[in-house]
Structures are given as C-alpha cells and as structure tokens.
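Enquirer: What follows is structure-v2.cif; its format and atoms are mmCIF, N, CA and C atoms.
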```cif
data_final
loop_
_atom_site.label_atom_id
_atom_site.label_comp_id
_atom_site.auth_asym_id
_atom_site.auth_seq_id
_atom_site.Cartn_x
_atom_site.Cartn_y
_atom_site.Cartn_z
N MET A 1 0.82 -1.20 0.00
CA MET A 1 0.00 0.00 0.00
C MET A 1 0.86 1.25 0.00
N LEU A 2 2.07 1.11 0.54
CA LEU A 2 3.01 2.22 0.56
C LEU A 2 3.30 2.71 -0.85
N GLU A 3 3.53 1.76 -1.76
CA GLU A 3 3.84 2.13 -3.14
C GLU A 3 2.69 2.86 -3.80
N LEU A 4 1.46 2.42 -3.55
CA LEU A 4 0.31 3.09 -4.15
C LEU A 4 0.23 4.55 -3.73
N ALA A 5 0.42 4.81 -2.46
CA ALA A 5 0.36 6.18 -1.96
C ALA A 5 1.49 7.03 -2.53
N TYR A 6 2.71 6.49 -2.52
CA TYR A 6 3.87 7.25 -2.99
C TYR A 6 3.89 7.42 -4.51
N GLU A 7 3.48 6.37 -5.22
CA GLU A 7 3.59 6.41 -6.68
C GLU A 7 2.48 7.23 -7.31
N SER A 8 1.24 6.95 -6.93
CA SER A 8 0.12 7.55 -7.66
C SER A 8 -0.77 8.44 -6.81
N GLY A 9 -0.72 8.28 -5.50
CA GLY A 9 -1.62 9.02 -4.64
C GLY A 9 -3.01 8.41 -4.58
N LEU A 10 -3.23 7.28 -5.27
CA LEU A 10 -4.54 6.63 -5.26
C LEU A 10 -4.80 5.97 -3.92
N PRO A 11 -6.06 5.97 -3.47
CA PRO A 11 -6.38 5.19 -2.28
C PRO A 11 -6.20 3.69 -2.59
N PRO A 12 -5.87 2.87 -1.60
CA PRO A 12 -5.59 1.46 -1.84
C PRO A 12 -6.70 0.73 -2.62
N GLU A 13 -7.97 1.00 -2.31
CA GLU A 13 -9.05 0.30 -2.98
C GLU A 13 -9.07 0.61 -4.47
N ARG A 14 -8.87 1.87 -4.82
CA ARG A 14 -8.86 2.26 -6.24
C ARG A 14 -7.64 1.70 -6.94
N GLY A 15 -6.48 1.75 -6.28
CA GLY A 15 -5.26 1.19 -6.87
C GLY A 15 -5.39 -0.30 -7.13
N LEU A 16 -6.00 -1.01 -6.19
CA LEU A 16 -6.21 -2.45 -6.35
C LEU A 16 -7.16 -2.72 -7.51
N THR A 17 -8.24 -1.96 -7.59
CA THR A 17 -9.21 -2.13 -8.68
C THR A 17 -8.53 -1.92 -10.03
N CYS A 18 -7.75 -0.86 -10.16
CA CYS A 18 -7.04 -0.58 -11.42
C CYS A 18 -6.06 -1.71 -11.75
N SER A 19 -5.33 -2.19 -10.74
CA SER A 19 -4.37 -3.27 -10.96
C SER A 19 -5.06 -4.53 -11.46
N VAL A 20 -6.15 -4.90 -10.82
CA VAL A 20 -6.88 -6.11 -11.22
C VAL A 20 -7.44 -5.95 -12.63
N GLU A 21 -8.05 -4.80 -12.92
CA GLU A 21 -8.65 -4.57 -14.24
C GLU A 21 -7.62 -4.62 -15.36
N ASN A 22 -6.37 -4.24 -15.08
CA ASN A 22 -5.33 -4.18 -16.10
C ASN A 22 -4.43 -5.41 -16.11
N SER A 23 -4.84 -6.47 -15.44
CA SER A 23 -4.02 -7.67 -15.35
C SER A 23 -4.58 -8.80 -16.19
N GLU A 24 -3.67 -9.62 -16.70
CA GLU A 24 -4.06 -10.83 -17.43
C GLU A 24 -4.25 -12.00 -16.48
N ILE A 25 -3.50 -12.01 -15.39
CA ILE A 25 -3.56 -13.08 -14.40
C ILE A 25 -3.59 -12.43 -13.03
N VAL A 26 -4.48 -12.92 -12.15
CA VAL A 26 -4.57 -12.43 -10.77
C VAL A 26 -4.77 -13.63 -9.85
N PHE A 27 -4.00 -13.66 -8.76
CA PHE A 27 -4.15 -14.68 -7.72
C PHE A 27 -4.52 -14.02 -6.41
N THR A 28 -5.38 -14.67 -5.65
CA THR A 28 -5.64 -14.27 -4.28
C THR A 28 -5.00 -15.32 -3.38
N LEU A 29 -4.18 -14.89 -2.46
CA LEU A 29 -3.47 -15.79 -1.56
C LEU A 29 -4.25 -15.90 -0.25
N LEU A 30 -4.61 -17.12 0.10
CA LEU A 30 -5.41 -17.37 1.30
C LEU A 30 -4.62 -18.23 2.27
N LEU A 31 -4.80 -17.96 3.54
CA LEU A 31 -4.26 -18.80 4.60
C LEU A 31 -5.39 -19.04 5.59
N GLN A 32 -5.84 -20.26 5.67
CA GLN A 32 -6.95 -20.64 6.55
C GLN A 32 -8.17 -19.73 6.34
N GLY A 33 -8.45 -19.43 5.08
CA GLY A 33 -9.62 -18.63 4.74
C GLY A 33 -9.43 -17.13 4.79
N ASP A 34 -8.28 -16.67 5.31
CA ASP A 34 -8.01 -15.23 5.37
C ASP A 34 -7.21 -14.79 4.15
N VAL A 35 -7.57 -13.65 3.58
CA VAL A 35 -6.82 -13.10 2.45
C VAL A 35 -5.49 -12.56 2.95
N MET A 36 -4.42 -13.11 2.42
CA MET A 36 -3.07 -12.65 2.76
C MET A 36 -2.60 -11.59 1.78
N GLY A 37 -3.06 -11.71 0.55
CA GLY A 37 -2.66 -10.75 -0.46
C GLY A 37 -3.26 -11.09 -1.80
N ILE A 38 -3.10 -10.17 -2.72
CA ILE A 38 -3.54 -10.34 -4.10
C ILE A 38 -2.37 -9.94 -4.97
N MET A 39 -2.10 -10.76 -5.98
CA MET A 39 -0.99 -10.46 -6.88
C MET A 39 -1.42 -10.71 -8.31
N GLY A 40 -0.76 -10.01 -9.24
CA GLY A 40 -1.10 -10.18 -10.63
C GLY A 40 -0.04 -9.62 -11.54
N ILE A 41 -0.31 -9.73 -12.83
CA ILE A 41 0.60 -9.20 -13.85
C ILE A 41 -0.22 -8.78 -15.05
N GLY A 42 0.13 -7.62 -15.60
CA GLY A 42 -0.54 -7.10 -16.78
C GLY A 42 0.48 -6.73 -17.84
N ARG A 43 0.09 -6.81 -19.09
CA ARG A 43 0.98 -6.54 -20.21
C ARG A 43 1.49 -5.10 -20.17
N SER A 44 2.78 -4.94 -20.38
CA SER A 44 3.38 -3.60 -20.43
C SER A 44 2.97 -2.91 -21.73
N ASN A 45 2.65 -1.64 -21.63
CA ASN A 45 2.32 -0.90 -22.85
C ASN A 45 3.57 -0.39 -23.56
N LYS A 46 4.74 -0.58 -22.94
CA LYS A 46 5.99 -0.12 -23.55
C LYS A 46 6.74 -1.24 -24.26
N ASP A 47 6.54 -2.48 -23.81
CA ASP A 47 7.27 -3.62 -24.38
C ASP A 47 6.37 -4.85 -24.26
N PRO A 48 5.92 -5.41 -25.38
CA PRO A 48 4.98 -6.54 -25.31
C PRO A 48 5.56 -7.79 -24.66
N ARG A 49 6.88 -7.87 -24.54
CA ARG A 49 7.49 -9.01 -23.85
C ARG A 49 7.32 -8.91 -22.34
N GLY A 50 7.08 -7.70 -21.86
CA GLY A 50 7.10 -7.45 -20.43
C GLY A 50 5.74 -7.37 -19.79
N GLY A 51 5.74 -7.73 -18.51
CA GLY A 51 4.53 -7.60 -17.71
C GLY A 51 4.83 -6.83 -16.44
N LYS A 52 3.91 -5.97 -16.07
CA LYS A 52 4.06 -5.21 -14.83
C LYS A 52 3.43 -6.05 -13.72
N ILE A 53 4.30 -6.59 -12.87
CA ILE A 53 3.88 -7.49 -11.80
C ILE A 53 3.59 -6.68 -10.54
N TRP A 54 2.63 -7.13 -9.77
CA TRP A 54 2.27 -6.38 -8.55
C TRP A 54 1.80 -7.33 -7.47
N PHE A 55 1.89 -6.86 -6.26
CA PHE A 55 1.46 -7.63 -5.09
C PHE A 55 0.98 -6.64 -4.04
N LEU A 56 -0.21 -6.90 -3.55
CA LEU A 56 -0.75 -6.06 -2.47
C LEU A 56 -1.04 -6.97 -1.30
N GLY A 57 -0.22 -6.87 -0.26
CA GLY A 57 -0.39 -7.69 0.93
C GLY A 57 -1.39 -7.05 1.88
N SER A 58 -2.08 -7.91 2.62
CA SER A 58 -3.05 -7.42 3.60
C SER A 58 -2.38 -7.25 4.95
N GLU A 59 -3.09 -6.62 5.87
CA GLU A 59 -2.60 -6.52 7.24
C GLU A 59 -2.43 -7.91 7.84
N GLN A 60 -3.28 -8.86 7.41
CA GLN A 60 -3.18 -10.23 7.88
C GLN A 60 -1.84 -10.85 7.49
N LEU A 61 -1.34 -10.50 6.31
CA LEU A 61 -0.06 -11.04 5.86
C LEU A 61 1.06 -10.58 6.79
N GLU A 62 1.04 -9.31 7.13
CA GLU A 62 2.08 -8.77 8.01
C GLU A 62 2.07 -9.45 9.37
N LYS A 63 0.87 -9.84 9.84
CA LYS A 63 0.75 -10.48 11.15
C LYS A 63 1.05 -11.97 11.10
N ASN A 64 0.85 -12.60 9.94
CA ASN A 64 0.92 -14.05 9.83
C ASN A 64 1.82 -14.51 8.70
N ILE A 65 3.03 -13.97 8.64
CA ILE A 65 3.94 -14.42 7.60
C ILE A 65 4.10 -15.93 7.73
N ASP A 66 3.80 -16.62 6.66
CA ASP A 66 3.84 -18.07 6.65
C ASP A 66 5.06 -18.52 5.83
N LEU A 67 5.89 -19.37 6.41
CA LEU A 67 7.10 -19.82 5.71
C LEU A 67 6.77 -20.55 4.42
N GLU A 68 5.69 -21.29 4.40
CA GLU A 68 5.31 -22.00 3.17
C GLU A 68 4.98 -21.00 2.06
N LEU A 69 4.31 -19.92 2.42
CA LEU A 69 4.02 -18.87 1.44
C LEU A 69 5.31 -18.30 0.88
N ILE A 70 6.27 -18.06 1.74
CA ILE A 70 7.55 -17.52 1.29
C ILE A 70 8.26 -18.54 0.40
N ARG A 71 8.26 -19.80 0.81
CA ARG A 71 8.90 -20.85 0.01
C ARG A 71 8.27 -20.99 -1.37
N GLN A 72 6.98 -20.77 -1.46
CA GLN A 72 6.26 -20.92 -2.73
C GLN A 72 6.38 -19.70 -3.64
N SER A 73 6.94 -18.62 -3.14
CA SER A 73 7.02 -17.37 -3.91
C SER A 73 7.63 -17.54 -5.29
N PRO A 74 8.80 -18.19 -5.42
CA PRO A 74 9.36 -18.33 -6.78
C PRO A 74 8.42 -19.07 -7.73
N TYR A 75 7.67 -20.03 -7.24
CA TYR A 75 6.74 -20.78 -8.08
C TYR A 75 5.55 -19.92 -8.48
N MET A 76 5.06 -19.10 -7.54
CA MET A 76 3.95 -18.20 -7.86
C MET A 76 4.38 -17.19 -8.92
N VAL A 77 5.59 -16.67 -8.78
CA VAL A 77 6.11 -15.71 -9.76
C VAL A 77 6.26 -16.40 -11.12
N ALA A 78 6.74 -17.63 -11.13
CA ALA A 78 6.88 -18.37 -12.39
C ALA A 78 5.52 -18.55 -13.08
N LEU A 79 4.49 -18.85 -12.30
CA LEU A 79 3.15 -18.98 -12.88
C LEU A 79 2.68 -17.66 -13.49
N LEU A 80 2.92 -16.57 -12.78
CA LEU A 80 2.53 -15.26 -13.29
C LEU A 80 3.29 -14.92 -14.57
N MET A 81 4.54 -15.37 -14.66
CA MET A 81 5.39 -15.03 -15.80
C MET A 81 5.23 -15.96 -17.00
N GLU A 82 4.35 -16.93 -16.93
CA GLU A 82 4.23 -17.92 -18.02
C GLU A 82 4.11 -17.30 -19.40
N ASN A 83 3.39 -16.21 -19.53
CA ASN A 83 3.18 -15.58 -20.83
C ASN A 83 4.01 -14.31 -21.02
N PHE A 84 5.02 -14.15 -20.19
CA PHE A 84 5.86 -12.94 -20.24
C PHE A 84 7.33 -13.33 -20.19
N GLU A 85 8.15 -12.63 -20.93
CA GLU A 85 9.59 -12.86 -20.88
C GLU A 85 10.24 -12.08 -19.74
N ILE A 86 9.60 -10.96 -19.37
CA ILE A 86 10.12 -10.08 -18.33
C ILE A 86 8.98 -9.67 -17.41
N ALA A 87 9.25 -9.64 -16.11
CA ALA A 87 8.31 -9.07 -15.15
C ALA A 87 9.04 -7.94 -14.43
N PHE A 88 8.37 -6.83 -14.23
CA PHE A 88 9.02 -5.67 -13.60
C PHE A 88 8.00 -4.80 -12.88
N ASN A 89 8.50 -3.91 -12.08
CA ASN A 89 7.71 -2.86 -11.44
C ASN A 89 8.66 -2.01 -10.62
N PHE A 90 8.10 -1.19 -9.75
CA PHE A 90 8.88 -0.31 -8.90
C PHE A 90 8.50 -0.56 -7.46
N VAL A 91 9.48 -0.49 -6.57
CA VAL A 91 9.24 -0.71 -5.14
C VAL A 91 9.86 0.45 -4.37
N SER A 92 9.15 0.91 -3.36
CA SER A 92 9.66 1.97 -2.51
C SER A 92 10.87 1.47 -1.73
N GLU A 93 11.89 2.27 -1.70
CA GLU A 93 13.09 1.92 -0.95
C GLU A 93 12.78 1.75 0.54
N ALA A 94 11.73 2.41 1.02
CA ALA A 94 11.34 2.31 2.42
C ALA A 94 10.66 0.97 2.74
N ASN A 95 10.23 0.26 1.71
CA ASN A 95 9.51 -1.00 1.91
C ASN A 95 10.51 -2.16 1.93
N THR A 96 11.25 -2.25 3.01
CA THR A 96 12.31 -3.26 3.10
C THR A 96 11.76 -4.68 3.10
N ALA A 97 10.57 -4.90 3.66
CA ALA A 97 9.99 -6.24 3.65
C ALA A 97 9.72 -6.69 2.21
N SER A 98 9.17 -5.81 1.40
CA SER A 98 8.92 -6.15 -0.01
C SER A 98 10.21 -6.39 -0.76
N MET A 99 11.22 -5.58 -0.47
CA MET A 99 12.50 -5.75 -1.15
C MET A 99 13.13 -7.10 -0.80
N LYS A 100 13.00 -7.53 0.44
CA LYS A 100 13.52 -8.85 0.83
C LYS A 100 12.76 -9.95 0.12
N TRP A 101 11.43 -9.82 0.04
CA TRP A 101 10.62 -10.82 -0.64
C TRP A 101 10.97 -10.87 -2.12
N LEU A 102 11.12 -9.72 -2.75
CA LEU A 102 11.48 -9.68 -4.18
C LEU A 102 12.81 -10.36 -4.43
N ASP A 103 13.77 -10.11 -3.56
CA ASP A 103 15.07 -10.76 -3.68
C ASP A 103 14.90 -12.28 -3.56
N TRP A 104 14.15 -12.73 -2.58
CA TRP A 104 13.90 -14.16 -2.37
C TRP A 104 13.23 -14.78 -3.61
N ALA A 105 12.33 -14.02 -4.24
CA ALA A 105 11.59 -14.53 -5.40
C ALA A 105 12.40 -14.45 -6.69
N GLY A 106 13.63 -13.96 -6.62
CA GLY A 106 14.52 -13.96 -7.77
C GLY A 106 14.56 -12.71 -8.61
N PHE A 107 14.02 -11.62 -8.10
CA PHE A 107 14.07 -10.35 -8.84
C PHE A 107 15.40 -9.66 -8.62
N GLU A 108 15.78 -8.84 -9.58
CA GLU A 108 16.99 -8.03 -9.49
C GLU A 108 16.57 -6.57 -9.33
N PHE A 109 17.35 -5.83 -8.56
CA PHE A 109 17.12 -4.39 -8.41
C PHE A 109 18.00 -3.72 -9.45
N ILE A 110 17.36 -3.12 -10.44
CA ILE A 110 18.04 -2.66 -11.65
C ILE A 110 18.53 -1.22 -11.55
N HIS A 111 17.68 -0.36 -11.02
CA HIS A 111 18.01 1.06 -11.05
C HIS A 111 17.27 1.81 -9.94
N ARG A 112 18.01 2.64 -9.21
CA ARG A 112 17.42 3.46 -8.14
C ARG A 112 16.99 4.80 -8.72
N ILE A 113 15.76 5.20 -8.39
CA ILE A 113 15.21 6.47 -8.84
C ILE A 113 14.97 7.31 -7.58
N PRO A 114 15.72 8.38 -7.37
CA PRO A 114 15.66 9.11 -6.10
C PRO A 114 14.36 9.88 -5.86
N ASP A 115 13.62 10.20 -6.93
CA ASP A 115 12.42 11.04 -6.76
C ASP A 115 11.26 10.52 -7.62
N TYR A 116 10.86 9.31 -7.38
CA TYR A 116 9.84 8.64 -8.18
C TYR A 116 8.43 8.96 -7.68
N GLY A 117 7.50 9.01 -8.60
CA GLY A 117 6.08 9.11 -8.27
C GLY A 117 5.65 10.47 -7.79
N ILE A 118 4.40 10.52 -7.39
CA ILE A 118 3.79 11.78 -6.96
C ILE A 118 4.43 12.31 -5.68
N ALA A 119 4.91 11.40 -4.83
CA ALA A 119 5.52 11.81 -3.56
C ALA A 119 7.01 12.11 -3.69
N LYS A 120 7.58 11.84 -4.87
CA LYS A 120 9.01 12.10 -5.12
C LYS A 120 9.89 11.40 -4.08
N LYS A 121 9.62 10.11 -3.87
CA LYS A 121 10.36 9.29 -2.91
C LYS A 121 11.31 8.36 -3.65
N PRO A 122 12.34 7.86 -2.98
CA PRO A 122 13.24 6.91 -3.64
C PRO A 122 12.57 5.55 -3.87
N PHE A 123 12.66 5.09 -5.10
CA PHE A 123 12.13 3.80 -5.52
C PHE A 123 13.21 3.04 -6.28
N TRP A 124 13.01 1.74 -6.39
CA TRP A 124 13.87 0.88 -7.19
C TRP A 124 13.05 0.24 -8.31
N LEU A 125 13.59 0.26 -9.51
CA LEU A 125 13.07 -0.55 -10.60
C LEU A 125 13.58 -1.96 -10.35
N PHE A 126 12.67 -2.93 -10.30
CA PHE A 126 13.08 -4.31 -10.14
C PHE A 126 12.55 -5.11 -11.33
N ALA A 127 13.24 -6.20 -11.66
CA ALA A 127 12.82 -7.00 -12.80
C ALA A 127 13.33 -8.42 -12.67
N LYS A 128 12.69 -9.28 -13.42
CA LYS A 128 13.10 -10.68 -13.53
C LYS A 128 12.87 -11.08 -14.98
N ALA A 129 13.85 -11.77 -15.56
CA ALA A 129 13.74 -12.21 -16.94
C ALA A 129 13.84 -13.72 -17.01
N ARG A 130 13.28 -14.28 -18.06
CA ARG A 130 13.31 -15.72 -18.22
C ARG A 130 14.60 -16.22 -18.84
N THR A 131 15.41 -15.31 -19.43
CA THR A 131 16.66 -15.74 -20.06
C THR A 131 17.82 -14.85 -19.60
N VAL A 132 19.01 -15.41 -19.66
CA VAL A 132 20.23 -14.67 -19.32
C VAL A 132 20.44 -13.53 -20.32
N GLU A 133 20.12 -13.77 -21.58
CA GLU A 133 20.31 -12.74 -22.61
C GLU A 133 19.52 -11.47 -22.29
N LEU A 134 18.30 -11.66 -21.83
CA LEU A 134 17.50 -10.49 -21.45
C LEU A 134 18.09 -9.78 -20.24
N ARG A 135 18.54 -10.56 -19.25
CA ARG A 135 19.12 -9.95 -18.04
C ARG A 135 20.37 -9.14 -18.36
N LYS A 136 21.08 -9.51 -19.39
CA LYS A 136 22.28 -8.77 -19.78
C LYS A 136 21.94 -7.44 -20.45
N ASN A 137 20.68 -7.25 -20.82
CA ASN A 137 20.29 -6.07 -21.58
C ASN A 137 19.31 -5.16 -20.85
N TRP A 138 19.37 -5.12 -19.52
CA TRP A 138 18.44 -4.27 -18.77
C TRP A 138 18.52 -2.82 -19.25
N ASP A 139 19.75 -2.32 -19.48
CA ASP A 139 19.89 -0.91 -19.87
C ASP A 139 19.08 -0.58 -21.11
N SER A 140 19.17 -1.43 -22.14
CA SER A 140 18.44 -1.13 -23.37
C SER A 140 16.95 -1.42 -23.22
N ILE A 141 16.58 -2.47 -22.49
CA ILE A 141 15.17 -2.80 -22.30
C ILE A 141 14.43 -1.66 -21.60
N PHE A 142 15.07 -1.10 -20.57
CA PHE A 142 14.41 -0.04 -19.78
C PHE A 142 14.93 1.36 -20.10
N ASN A 143 15.68 1.51 -21.19
CA ASN A 143 16.24 2.81 -21.60
C ASN A 143 17.01 3.47 -20.47
N LEU A 144 17.78 2.70 -19.74
CA LEU A 144 18.53 3.24 -18.60
C LEU A 144 19.75 4.03 -19.03
N HIS A 145 20.26 3.79 -20.22
CA HIS A 145 21.42 4.55 -20.68
C HIS A 145 21.11 6.05 -20.71
N GLN A 146 19.87 6.41 -21.06
CA GLN A 146 19.47 7.82 -21.04
C GLN A 146 19.44 8.35 -19.62
N THR A 147 18.90 7.56 -18.70
CA THR A 147 18.79 7.98 -17.31
C THR A 147 20.16 8.13 -16.67
N ARG A 148 21.04 7.19 -16.94
CA ARG A 148 22.37 7.20 -16.30
C ARG A 148 23.27 8.27 -16.89
N ASN A 149 23.01 8.69 -18.12
CA ASN A 149 23.87 9.71 -18.73
C ASN A 149 23.35 11.12 -18.54
N SER A 150 22.20 11.27 -17.93
CA SER A 150 21.66 12.63 -17.76
C SER A 150 21.97 13.18 -16.40
#
```
How would this structure read if it were set down as structure tokens?

Expert:
Amino acid sequence: MLELAYESGLPPERGLTCSVENSEIVFTLLLQGDVMGIMGIGRSNKDPRGGKIWFLGSEQLEKNIDLELIRQSPYMVALLMENFEIAFNFVSEANTASMKWLDWAGFEFIHRIPDYGIAKKPFWLFAKARTVELRKNWDSIFNLHQTRNS
C-alpha cells in the first residue's frame, strides 16, 4: 500500500481495482480462509514481452507471515510469468519487507530512482527475466542509458 500512496496518490481500494482490471492473471493468496494478499501481472504498454507485476499484501499477511508462502514465492512468480519474458515494477526503498521478498523470489534491483512518483520518494526498478540474454540487456530494455547519462 506504501507504493500506491507514494507512486500515484490513489487510495488502496482504487489502486487495487485498477491493478486487477489491467491484469491478465490475478491470484488471491489465502491462509486458513483469510486473504493474505492479491498479486497479478498485466501486459506492459511499452514492451509486449514485459509484464508489470504487482502484489498487495493485507494486514493479515504482516501479522501471519507463513514460511510456506515464502517458500512458494518463486513458483507463484513463475506462474505469473508464463506468458511474459520479463516481469518488472517499482518498489519503494522504504519498503524493506517487499524488497527482501522480491530478492527471495529472484528479482533483481536494476536502477534506483531518487524522486519517483507523486511523492518524489526513492524507488527501485526491479525486474526478472526468463533468459540470461535479457538480463544482460536491462539498460536497453528499460532505456537506462538515457537515465544514467543525464
């Protein structure tokens, strides 16, 4: 929810609705009947190979981190990426729990943006690719050469 506020200023309910509506695949994660989170991926409008992946955890998730859920993370991400060569998004640098989870799930932190979104807060572009060749070309895929040279 931190990212929604910092990136767009949208209330969580509206941000979730937009994310679900723009996704090709959406999963709801349940633990003993309680919603732990909702995650999905939608086609990038900048690169048809890419999908913008997202995850919105509930307060229940923060209270009941389940090791099995964490262990299953790479498999859940693989399912989301079935129709995508690249999955990416942005994470607030202040959201250390999400950054740890992303690392565990196999994402790379590609580029730090010191003043991202409506709140102008530090964010990281993160991504995961299905091939080594794509991972070697993050700069060209995300046009980072322009950002790094300016």

Enquirer: Once the PyMOL selection byres ((chain A and resi 89) around 8) has been evaluated on this model, what residues remain selected, and can you format them as a PyMOL selection string?

Expert: chain A and resi 51-54+86-88+90-92+124-128

Enquirer: Hey, which of A:Phe123, A:Asn137, A:Gly117, A:Val20 ends up closest to Glu7 in chain A? Count only N, CA and C atoms.

Expert: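 Closest residue, counting only N, CA and C atoms: A:Gly117.
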
Enquirer: Which residue, A:Lys100, A:Gly40, A:Pro11, A:Asn45, has the smallest gap to Leu80 in chain A when you use all atoms listed in the file?

Expert: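 Among the listed residues, the smallest separation from Leu80 in chain A belongs to A:Gly40.
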
Enquirer: Could you list, as a PyMOL selection string, every residue within 7 Å of Phe55 in chain A, counting only N, CA and C atoms and ignoring same-chain residues fewer than 4 positions away?

Expert: chain A and resi 1+37-40

Enquirer: Once you count all atoms listed in the file, which residues end up no further than 7 Å from (7.6, -12.6, -2.2) in the file's frame, shown as a ChimeraX atom specification?

Expert: /A:69-70,73-74,98,100-105

Enquirer: Apply DSSP to the backbone of this structure and, from chain A, keep only the residues in strand (DSSP E or B); write these as a ChimeraX atom specification.

Expert: /A:25-31,34-43,50-57,86-92,108-116,121-129

Enquirer: Report, in Å with one decimal, the straight-line distance from CA of Asn22 in chain A to CA of Ser44 in chain A.

Expert: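 Distance between the two atoms: 9.7 Å.
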
Enquirer: In Å, rounded to a single decimal, give me how far atom N of Phe109 in chain A is from atom C of Gly9 in chain A.

Expert: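 So the answer is 25.2 Å.
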
Enquirer: Quick one: of A:Ser23, A:Thr28, A:Thr17, A:Thr131, who's nearest to Arg43 in chain A, counting all atoms listed in the file?

Expert: A:Ser23

Enquirer: Taking all atoms of range 32-51 of chain A that the file lists and extending 3 Å past them on each side, where is the centre of the axis-aligned box and how long are its edges? Answer in Å to one decimal, as AutoDock Vina command-line options.

Expert:
```
--center_x -1.1 --center_y -10.4 --center_z -9.4 --size_x 23.1 --size_y 26.5 --size_z 37.9
```
